[in-house]
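Structure file my_file-v2.cif (mmCIF, C-alpha atoms) is printed below.
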```
data_run
loop_
_atom_site.label_atom_id
_atom_site.label_comp_id
_atom_site.auth_asym_id
_atom_site.auth_seq_id
_atom_site.Cartn_x
_atom_site.Cartn_y
_atom_site.Cartn_z
CA MET A 1 188.64 65.24 -131.15
CA ARG A 2 189.82 62.19 -129.28
CA ASN A 3 189.68 64.11 -126.00
CA HIS A 4 186.03 65.03 -126.67
CA LEU A 5 185.17 61.40 -127.40
CA ALA A 6 186.99 60.25 -124.26
CA ARG A 7 185.13 62.74 -122.08
CA ALA A 8 181.83 61.70 -123.67
CA ALA A 9 182.60 58.04 -123.03
CA ARG A 10 183.36 58.77 -119.37
CA THR A 11 180.18 60.88 -118.98
CA LEU A 12 177.83 58.40 -120.67
CA PRO A 13 177.62 55.84 -117.79
CA ALA A 14 176.81 58.60 -115.30
CA LEU A 15 174.17 60.04 -117.63
CA LEU A 16 172.60 56.64 -118.10
CA LEU A 17 172.55 56.14 -114.33
CA VAL A 18 170.76 59.47 -113.84
CA LEU A 19 168.22 58.65 -116.55
CA ALA A 20 167.59 55.26 -114.95
CA LEU A 21 166.71 56.96 -111.68
CA ILE A 22 164.13 59.26 -113.33
CA PRO A 23 160.65 57.61 -113.28
CA SER A 24 158.99 57.22 -116.63
CA ALA A 25 155.80 59.11 -117.42
CA ALA A 26 153.85 55.85 -117.09
CA ALA A 27 155.32 55.21 -113.65
CA VAL A 28 154.37 58.60 -112.22
CA THR A 29 150.88 58.57 -113.71
CA PRO A 30 148.47 57.77 -110.86
CA PRO A 31 146.32 54.70 -111.34
CA GLU A 32 142.67 55.18 -112.27
CA ASP A 33 140.62 56.05 -109.23
CA LYS A 34 138.88 52.92 -107.99
CA PRO A 35 137.00 53.87 -104.86
CA LYS A 36 135.67 51.26 -102.50
CA PRO A 37 131.89 50.73 -102.52
CA GLU A 38 131.58 52.17 -99.02
CA GLU A 39 133.39 55.34 -100.18
CA VAL A 40 131.01 55.74 -103.11
CA ILE A 41 128.00 55.25 -100.83
CA ALA A 42 129.26 57.73 -98.24
CA ARG A 43 129.87 60.44 -100.83
CA HIS A 44 126.57 59.63 -102.53
CA LEU A 45 124.58 60.05 -99.31
CA ALA A 46 126.42 63.31 -98.57
CA SER A 47 125.28 64.57 -101.99
CA VAL A 48 121.66 64.04 -100.93
CA GLY A 49 121.76 65.61 -97.49
CA SER A 50 123.23 65.49 -94.00
CA ALA A 51 123.06 62.31 -91.94
CA GLU A 52 120.63 64.04 -89.58
CA ASP A 53 118.27 65.13 -92.38
CA LEU A 54 118.33 61.70 -94.01
CA ALA A 55 117.57 60.02 -90.67
CA ALA A 56 114.66 62.41 -90.13
CA LEU A 57 113.05 61.45 -93.45
CA LYS A 58 110.14 59.10 -92.68
CA SER A 59 107.91 59.57 -95.74
CA LEU A 60 108.24 61.22 -99.13
CA VAL A 61 105.77 61.96 -101.91
CA ALA A 62 106.82 63.33 -105.31
CA ILE A 63 104.27 64.27 -108.01
CA GLY A 64 104.69 65.65 -111.51
CA ALA A 65 103.69 65.61 -115.17
CA ALA A 66 104.15 62.20 -116.80
CA LYS A 67 104.54 60.92 -120.35
CA ALA A 68 104.53 57.43 -121.82
CA TYR A 69 106.03 56.56 -125.20
CA ALA A 70 106.10 53.53 -127.43
CA ARG A 71 109.46 53.85 -129.19
CA THR A 72 108.70 51.07 -131.66
CA GLY A 73 105.68 50.29 -133.77
CA VAL A 74 103.04 53.02 -133.94
CA GLY A 75 105.02 55.32 -131.63
CA ARG A 76 102.09 56.56 -129.54
CA GLU A 77 102.44 59.04 -126.69
CA PHE A 78 100.27 59.42 -123.58
CA LYS A 79 100.29 62.27 -121.06
CA GLY A 80 99.21 62.31 -117.44
CA VAL A 81 100.44 62.47 -113.85
CA GLY A 82 103.19 60.48 -112.13
CA GLN A 83 103.78 59.82 -108.46
CA PHE A 84 106.25 58.16 -106.13
CA ALA A 85 105.10 57.73 -102.53
CA SER A 86 107.05 56.00 -99.79
CA GLN A 87 106.99 55.51 -96.07
CA GLY A 88 109.62 53.38 -94.39
CA ASP A 89 110.14 50.34 -96.61
CA ARG A 90 106.76 50.76 -98.35
CA VAL A 91 106.65 52.16 -101.87
CA LEU A 92 104.00 53.20 -104.40
CA PHE A 93 104.73 53.83 -108.08
CA ALA A 94 101.78 55.23 -110.05
CA LEU A 95 101.37 56.77 -113.50
CA LEU A 96 97.88 57.88 -114.52
CA PHE A 97 97.01 58.70 -118.15
CA ASP A 98 93.98 60.17 -119.87
CA SER A 99 93.47 57.13 -122.07
CA ASN A 100 90.97 54.29 -122.10
CA LEU A 101 93.52 52.15 -123.91
CA PHE A 102 96.32 52.74 -121.41
CA PRO A 103 94.92 54.41 -118.27
CA PHE A 104 97.71 53.67 -115.77
CA GLU A 105 100.81 51.88 -114.53
CA LYS A 106 100.53 51.10 -110.81
CA ALA A 107 102.58 48.95 -108.46
CA GLY A 108 102.93 48.97 -104.70
CA TYR A 109 104.91 47.21 -102.00
CA ASN A 110 103.39 47.27 -98.51
CA GLY A 111 106.40 45.85 -96.70
CA GLU A 112 105.24 42.27 -97.15
CA SER A 113 103.85 41.76 -100.64
CA LEU A 114 104.05 43.35 -104.07
CA THR A 115 100.88 44.15 -105.99
CA VAL A 116 100.67 45.28 -109.61
CA ALA A 117 97.40 46.59 -111.05
CA GLN A 118 95.78 45.03 -114.09
CA LEU A 119 94.55 47.10 -117.01
CA PRO A 120 90.80 47.27 -117.77
CA ASP A 121 91.10 44.30 -120.16
CA GLY A 122 92.18 42.11 -117.24
CA HIS A 123 95.84 41.90 -118.25
CA ARG A 124 98.92 43.65 -116.95
CA SER A 125 101.03 45.89 -119.15
CA ALA A 126 104.47 44.75 -120.34
CA LEU A 127 106.06 46.78 -117.53
CA GLY A 128 103.56 45.42 -115.03
CA ASP A 129 104.45 41.87 -116.02
CA PHE A 130 108.13 42.61 -115.53
CA MET A 131 107.54 44.14 -112.10
CA MET A 132 105.39 41.24 -110.97
CA SER A 133 107.86 38.63 -112.22
CA HIS A 134 110.92 40.40 -110.79
CA GLY A 135 110.01 42.03 -107.50
CA ALA A 136 113.53 42.91 -106.30
CA PRO A 137 113.33 46.60 -107.38
CA PHE A 138 110.38 47.08 -105.02
CA LYS A 139 111.17 44.58 -102.29
CA GLN A 140 114.77 45.80 -102.04
CA GLY A 141 113.72 49.47 -102.09
CA LEU A 142 115.61 50.25 -105.31
CA ILE A 143 112.74 51.61 -107.39
CA GLY A 144 112.78 55.41 -107.43
CA GLY A 145 116.30 55.75 -106.06
CA VAL A 146 116.64 58.57 -103.53
CA LEU A 147 113.03 59.58 -104.21
CA SER A 148 112.11 56.72 -101.87
CA THR A 149 112.54 56.36 -98.11
CA ALA A 150 113.19 52.66 -98.79
CA TRP A 151 116.44 53.43 -100.68
CA PRO A 152 118.68 50.59 -99.41
CA LEU A 153 121.94 52.56 -99.47
CA ARG A 154 120.71 54.40 -96.38
CA ALA A 155 120.96 51.14 -94.44
CA ALA A 156 123.93 50.32 -92.23
CA GLY A 157 125.36 47.28 -90.53
CA ALA A 158 123.77 43.90 -91.20
CA ASP A 159 121.00 45.50 -93.27
CA ALA A 160 123.44 47.14 -95.70
CA PRO A 161 123.30 45.71 -99.24
CA ARG A 162 126.18 43.76 -100.73
CA LEU A 163 127.94 45.88 -103.36
CA SER A 164 131.05 45.46 -105.50
CA TYR A 165 132.88 48.00 -107.62
CA ALA A 166 132.38 47.38 -111.37
CA GLY A 167 134.47 50.10 -113.02
CA THR A 168 133.21 53.17 -114.83
CA ASP A 169 130.91 53.96 -117.72
CA LYS A 170 129.27 56.95 -119.39
CA VAL A 171 125.79 58.16 -118.49
CA GLU A 172 124.53 61.01 -120.68
CA GLY A 173 128.13 61.72 -121.67
CA ARG A 174 129.45 61.94 -118.09
CA LYS A 175 131.74 59.49 -116.34
CA ALA A 176 130.01 57.39 -113.70
CA HIS A 177 131.18 54.84 -111.15
CA LYS A 178 129.34 51.51 -111.28
CA LEU A 179 128.43 49.37 -108.29
CA ARG A 180 127.11 45.86 -108.75
CA TYR A 181 124.19 45.29 -106.41
CA ASP A 182 123.79 41.77 -105.05
CA PRO A 183 120.32 41.46 -103.54
CA ARG A 184 119.40 38.70 -101.16
CA LYS A 185 116.89 37.26 -103.62
CA SER A 186 117.01 38.52 -107.20
CA GLY A 187 115.68 35.61 -109.25
CA GLY A 188 118.57 36.04 -111.68
CA LEU A 189 118.09 39.80 -112.09
CA GLN A 190 121.40 41.63 -112.58
CA ILE A 191 121.38 45.06 -110.94
CA THR A 192 123.92 47.85 -111.45
CA LEU A 193 123.91 51.29 -109.83
CA PHE A 194 125.59 54.29 -111.49
CA PHE A 195 126.97 57.34 -109.64
CA ASP A 196 128.25 60.51 -111.27
CA ALA A 197 132.04 60.49 -110.86
CA GLU A 198 132.14 64.18 -109.92
CA THR A 199 129.04 64.71 -107.76
CA PHE A 200 128.42 61.08 -106.68
CA ARG A 201 124.71 61.56 -107.28
CA HIS A 202 122.84 58.39 -108.19
CA VAL A 203 122.03 58.87 -111.87
CA ARG A 204 120.99 55.41 -113.08
CA THR A 205 119.89 51.94 -112.05
CA GLU A 206 120.04 49.12 -114.59
CA TYR A 207 118.11 45.86 -114.28
CA GLN A 208 118.88 43.07 -116.73
CA ILE A 209 117.84 39.47 -117.13
CA SER A 210 118.15 36.89 -119.90
CA ILE A 211 115.79 33.94 -120.12
CA ALA A 212 116.70 30.92 -122.21
CA ALA A 213 114.11 29.66 -124.68
CA ARG A 214 112.22 26.52 -123.78
CA MET A 215 113.20 23.27 -125.42
CA GLY A 216 111.21 22.67 -128.61
CA ARG A 217 109.62 19.42 -129.65
CA THR A 218 112.38 18.93 -132.24
CA ALA A 219 116.03 19.99 -132.47
CA GLU A 220 115.18 22.37 -135.32
CA MET A 221 112.50 24.08 -133.25
CA SER A 222 114.87 24.46 -130.29
CA VAL A 223 117.54 26.12 -132.44
CA SER A 224 115.03 28.57 -133.91
CA GLN A 225 113.96 29.83 -130.47
CA LEU A 226 116.34 32.53 -129.22
CA GLU A 227 117.12 33.73 -125.73
CA SER A 228 114.90 36.58 -124.52
CA ARG A 229 116.51 39.64 -122.96
CA TYR A 230 114.86 42.24 -120.75
CA ARG A 231 116.44 45.53 -119.69
CA VAL A 232 114.99 48.28 -117.51
CA LEU A 233 116.76 51.59 -116.93
CA GLU A 234 115.86 54.19 -114.32
CA ASP A 235 117.53 57.52 -115.08
CA PHE A 236 117.63 60.47 -112.68
CA SER A 237 118.60 64.04 -113.52
CA ASP A 238 117.89 67.73 -112.82
CA PHE A 239 119.08 67.56 -109.20
CA ARG A 240 117.94 70.54 -107.15
CA PRO A 241 117.39 71.38 -103.47
CA GLN A 242 113.99 70.35 -102.20
CA GLY A 243 113.33 70.88 -98.53
CA LYS A 244 116.59 69.97 -96.76
CA LEU A 245 117.63 67.45 -99.41
CA THR A 246 118.95 67.54 -102.98
CA LEU A 247 116.69 65.37 -105.14
CA PRO A 248 116.24 64.57 -108.83
CA HIS A 249 113.33 66.40 -110.45
CA SER A 250 113.49 64.45 -113.71
CA TYR A 251 112.87 60.70 -113.89
CA ARG A 252 112.89 58.39 -116.90
CA LEU A 253 112.17 54.68 -116.98
CA SER A 254 112.87 52.77 -120.19
CA TYR A 255 112.10 49.12 -120.90
CA THR A 256 113.63 47.16 -123.76
CA ILE A 257 112.33 43.70 -124.63
CA GLU A 258 114.24 41.50 -127.06
CA GLU A 259 112.32 38.34 -127.93
CA GLN A 260 113.41 36.20 -130.86
CA ASN A 261 113.35 38.52 -133.90
CA ALA A 262 111.32 41.35 -132.34
CA THR A 263 112.45 44.25 -130.15
CA ARG A 264 110.11 46.57 -128.25
CA MET A 265 111.15 49.80 -126.58
CA LEU A 266 108.89 51.55 -124.07
CA GLU A 267 109.59 54.70 -122.08
CA TRP A 268 108.00 56.68 -119.26
CA SER A 269 109.11 60.03 -117.85
CA VAL A 270 108.05 62.27 -114.98
CA ALA A 271 108.99 65.90 -114.30
CA PHE A 272 108.44 66.29 -110.55
CA THR A 273 107.13 69.65 -109.33
CA GLN A 274 105.51 68.85 -105.97
CA PHE A 275 107.12 67.24 -102.93
CA ALA A 276 105.80 66.44 -99.47
CA PHE A 277 107.92 65.25 -96.56
CA ASN A 278 107.02 63.32 -93.41
CA GLU A 279 103.26 63.30 -93.93
CA GLN A 280 101.40 60.23 -92.72
CA ILE A 281 100.36 57.94 -95.60
CA ASP A 282 97.53 55.42 -95.27
CA ASP A 283 98.91 51.86 -95.38
CA LYS A 284 96.22 50.91 -97.90
CA ALA A 285 97.83 53.22 -100.47
CA PHE A 286 100.69 50.75 -100.89
CA SER A 287 98.42 47.92 -102.05
CA VAL A 288 97.20 48.93 -105.50
CA LEU A 289 94.67 46.09 -105.73
CA ALA A 290 92.94 47.50 -102.67
CA SER A 291 92.93 51.09 -103.94
CA LYS A 292 90.49 52.67 -106.36
#
```
Now that the file is in, can you turn its structure into structure tokens?
Amino acid sequence: MRNHLARAARTLPALLLVLALIPSAAAVTPPEDKPKPEEVIARHLASVGSAEDLAALKSLVAIGAAKAYARTGVGREFKGVGQFASQGDRVLFALLFDSNLFPFEKAGYNGESLTVAQLPDGHRSALGDFMMSHGAPFKQGLIGGVLSTAWPLRAAGADAPRLSYAGTDKVEGRKAHKLRYDPRKSGGLQITLFFDAETFRHVRTEYQISIAARMGRTAEMSVSQLESRYRVLEDFSDFRPQGKLTLPHSYRLSYTIEEQNATRMLEWSVAFTQFAFNEQIDDKAFSVLASK
């Protein structure tokens, strides 16, 4: 018995030394993949098409059936036609509905100025007000994602946007890499781009801004006025080949407005069925105030 204990005592230091040299499970587990922004962009662009086909894209028009929803309140729904049109850095976003109450949503950027159409009552819609107040989505070419020739991730060199990696999140149940977009002039708008972690397709853009309440005439009035929050999501799905590119055929734009004790949720969607590439578009089409 003593001999067994002696042999065990002599073997124990060697065994401990061997165990110390074996990496733990935590040590051999690779760290979470944190790609650089330029790696995400490169793989994203490759998911759309070849460098040659992307460079050859000068104009793009996508048209499909559109719906508009009011997710709060009465919950009305409108049906119509939706369109994205782009040429170079110029972009047109138009939704037309068969309704006298809510006939359209239209906004255009002609490369120099942003115009947003007013409704028949002389006022802009809630979405129109947001677009007019925060022009970065149009002026930076973000609106519409890869459905637009103005998509800024196609730029290189000095014109390339400033991006930083912001971790991962879930979009429709799938893991997505997040890139924080830092536009040249955003007016306080926070912009985040989401890319599917497996395919690197651009699946979402998020725009957020919070605006502090104005100072009231009394301290009590100031306390009662809460910060207002505005959030717009562009979601892209149903990616399929179209021409020489792979493009989303389903588009959803949702707008959430949180003001004091009230929250409004609005949503628009388009199922694109018609695409046209490299056709000449009249410059006047990108100024909605000049169009009929």
Residue members of the PyMOL selection byres ((chain A and resi 151) around 10) in the file shown, as a list in words: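 That selection, the PyMOL selection byres ((chain A and resi 151) around 10), comes back as Ser86, Gly88, Asp89, Val91, Phe138, Gln140, Gly141, Leu142, Ile143, Gly144, Gly145, Val146, Leu147, Ser148, Thr149, Ala150, Pro152, Leu153, Arg154 and Ala155 of chain A.
Remark: for Ala160 (chain A), the closest of the candidate residues A:Asp182, A:Glu52, A:Asp129, A:Asp121 is A:Asp182 (distances computed over all atoms listed in the file).
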From A:Arg43, A:Lys284, A:Lys67, A:Arg201, residue lying nearest Leu253 (chain A) [only C-alpha atoms]: A:Lys67
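Here CA of Arg162 (chain A) is placed at a distance of 25.8 Å from CA of Thr115 (chain A).
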Hits from the PyMOL selection byres ((chain A and resi 167) around 9), listed as a list in words: Lys34, Tyr165, Ala166, Thr168, Asp169, Ala176, His177, Lys178 and Leu179 of chain A
Could you write out the selected residues, including C-alpha atoms, as an mmCIF file, keeping the file's coordinate frame?
```
data_model
loop_
_atom_site.group_PDB
_atom_site.id
_atom_site.type_symbol
_atom_site.label_atom_id
_atom_site.label_comp_id
_atom_site.auth_asym_id
_atom_site.auth_seq_id
_atom_site.Cartn_x
_atom_site.Cartn_y
_atom_site.Cartn_z
ATOM 1 C CA LYS A 34 138.880 52.920 -107.990
ATOM 2 C CA TYR A 165 132.880 48.000 -107.620
ATOM 3 C CA ALA A 166 132.380 47.380 -111.370
ATOM 4 C CA THR A 168 133.210 53.170 -114.830
ATOM 5 C CA ASP A 169 130.910 53.960 -117.720
ATOM 6 C CA ALA A 176 130.010 57.390 -113.700
ATOM 7 C CA HIS A 177 131.180 54.840 -111.150
ATOM 8 C CA LYS A 178 129.340 51.510 -111.280
ATOM 9 C CA LEU A 179 128.430 49.370 -108.290
#
```
Nearby residues (only C-alpha atoms) at most 9 Å from Gly188 (chain A), same-chain spacing under 5 positions excluded, as a list in words: His134, Gln208, Ile209 and Ser210 of chain A
Spatial neighbours of Leu96 (chain A), 12 Å, only C-alpha atoms, chain gap at least 2 places, as a ChimeraX atom specification: /A:63-68,78-84,93-94,98-107,117,119,268-270
Point-to-point distance in Å for CA of Lys244 (chain A) and CA of Leu54 (chain A):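 CA of Lys244 (chain A) lies 8.9 Å from CA of Leu54 (chain A).
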Given all atoms listed in the file as the counted atoms, nearest of A:Tyr230, A:Phe236, A:Phe272, A:Tyr207 to Arg252 (chain A): A:Phe236
Between CA of Ser113 (chain A) and CA of Lys139 (chain A), distance in Å (one decimal):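 We find that CA of Ser113 (chain A) and CA of Lys139 (chain A) lie 8.0 Å from each other.
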Output check: residues returned by the PyMOL selection byres ((chain A and resi 278) around 6), as a PyMOL selection string: chain A and resi 58-59+277+279
From A:Val116, A:Pro241, A:Arg90, A:Ser47, residue lying nearest Glu198 (chain A) [all atoms listed in the file]: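 Among A:Val116, A:Pro241, A:Arg90, A:Ser47, it is A:Ser47 that comes nearest to Glu198 (chain A).
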Which residue of A:Gln118, A:Gln190, A:Ser228, A:Thr246 approaches Ser50 (chain A) most closely, using all atoms listed in the file: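 For Ser50 (chain A), the nearest of the given residues is A:Thr246.
Here the question is which of A:Ala212, A:Ile257, A:Val171, A:Met131 gets nearest to Leu193 (chain A) using only C-alpha atoms, and that residue is A:Val171.
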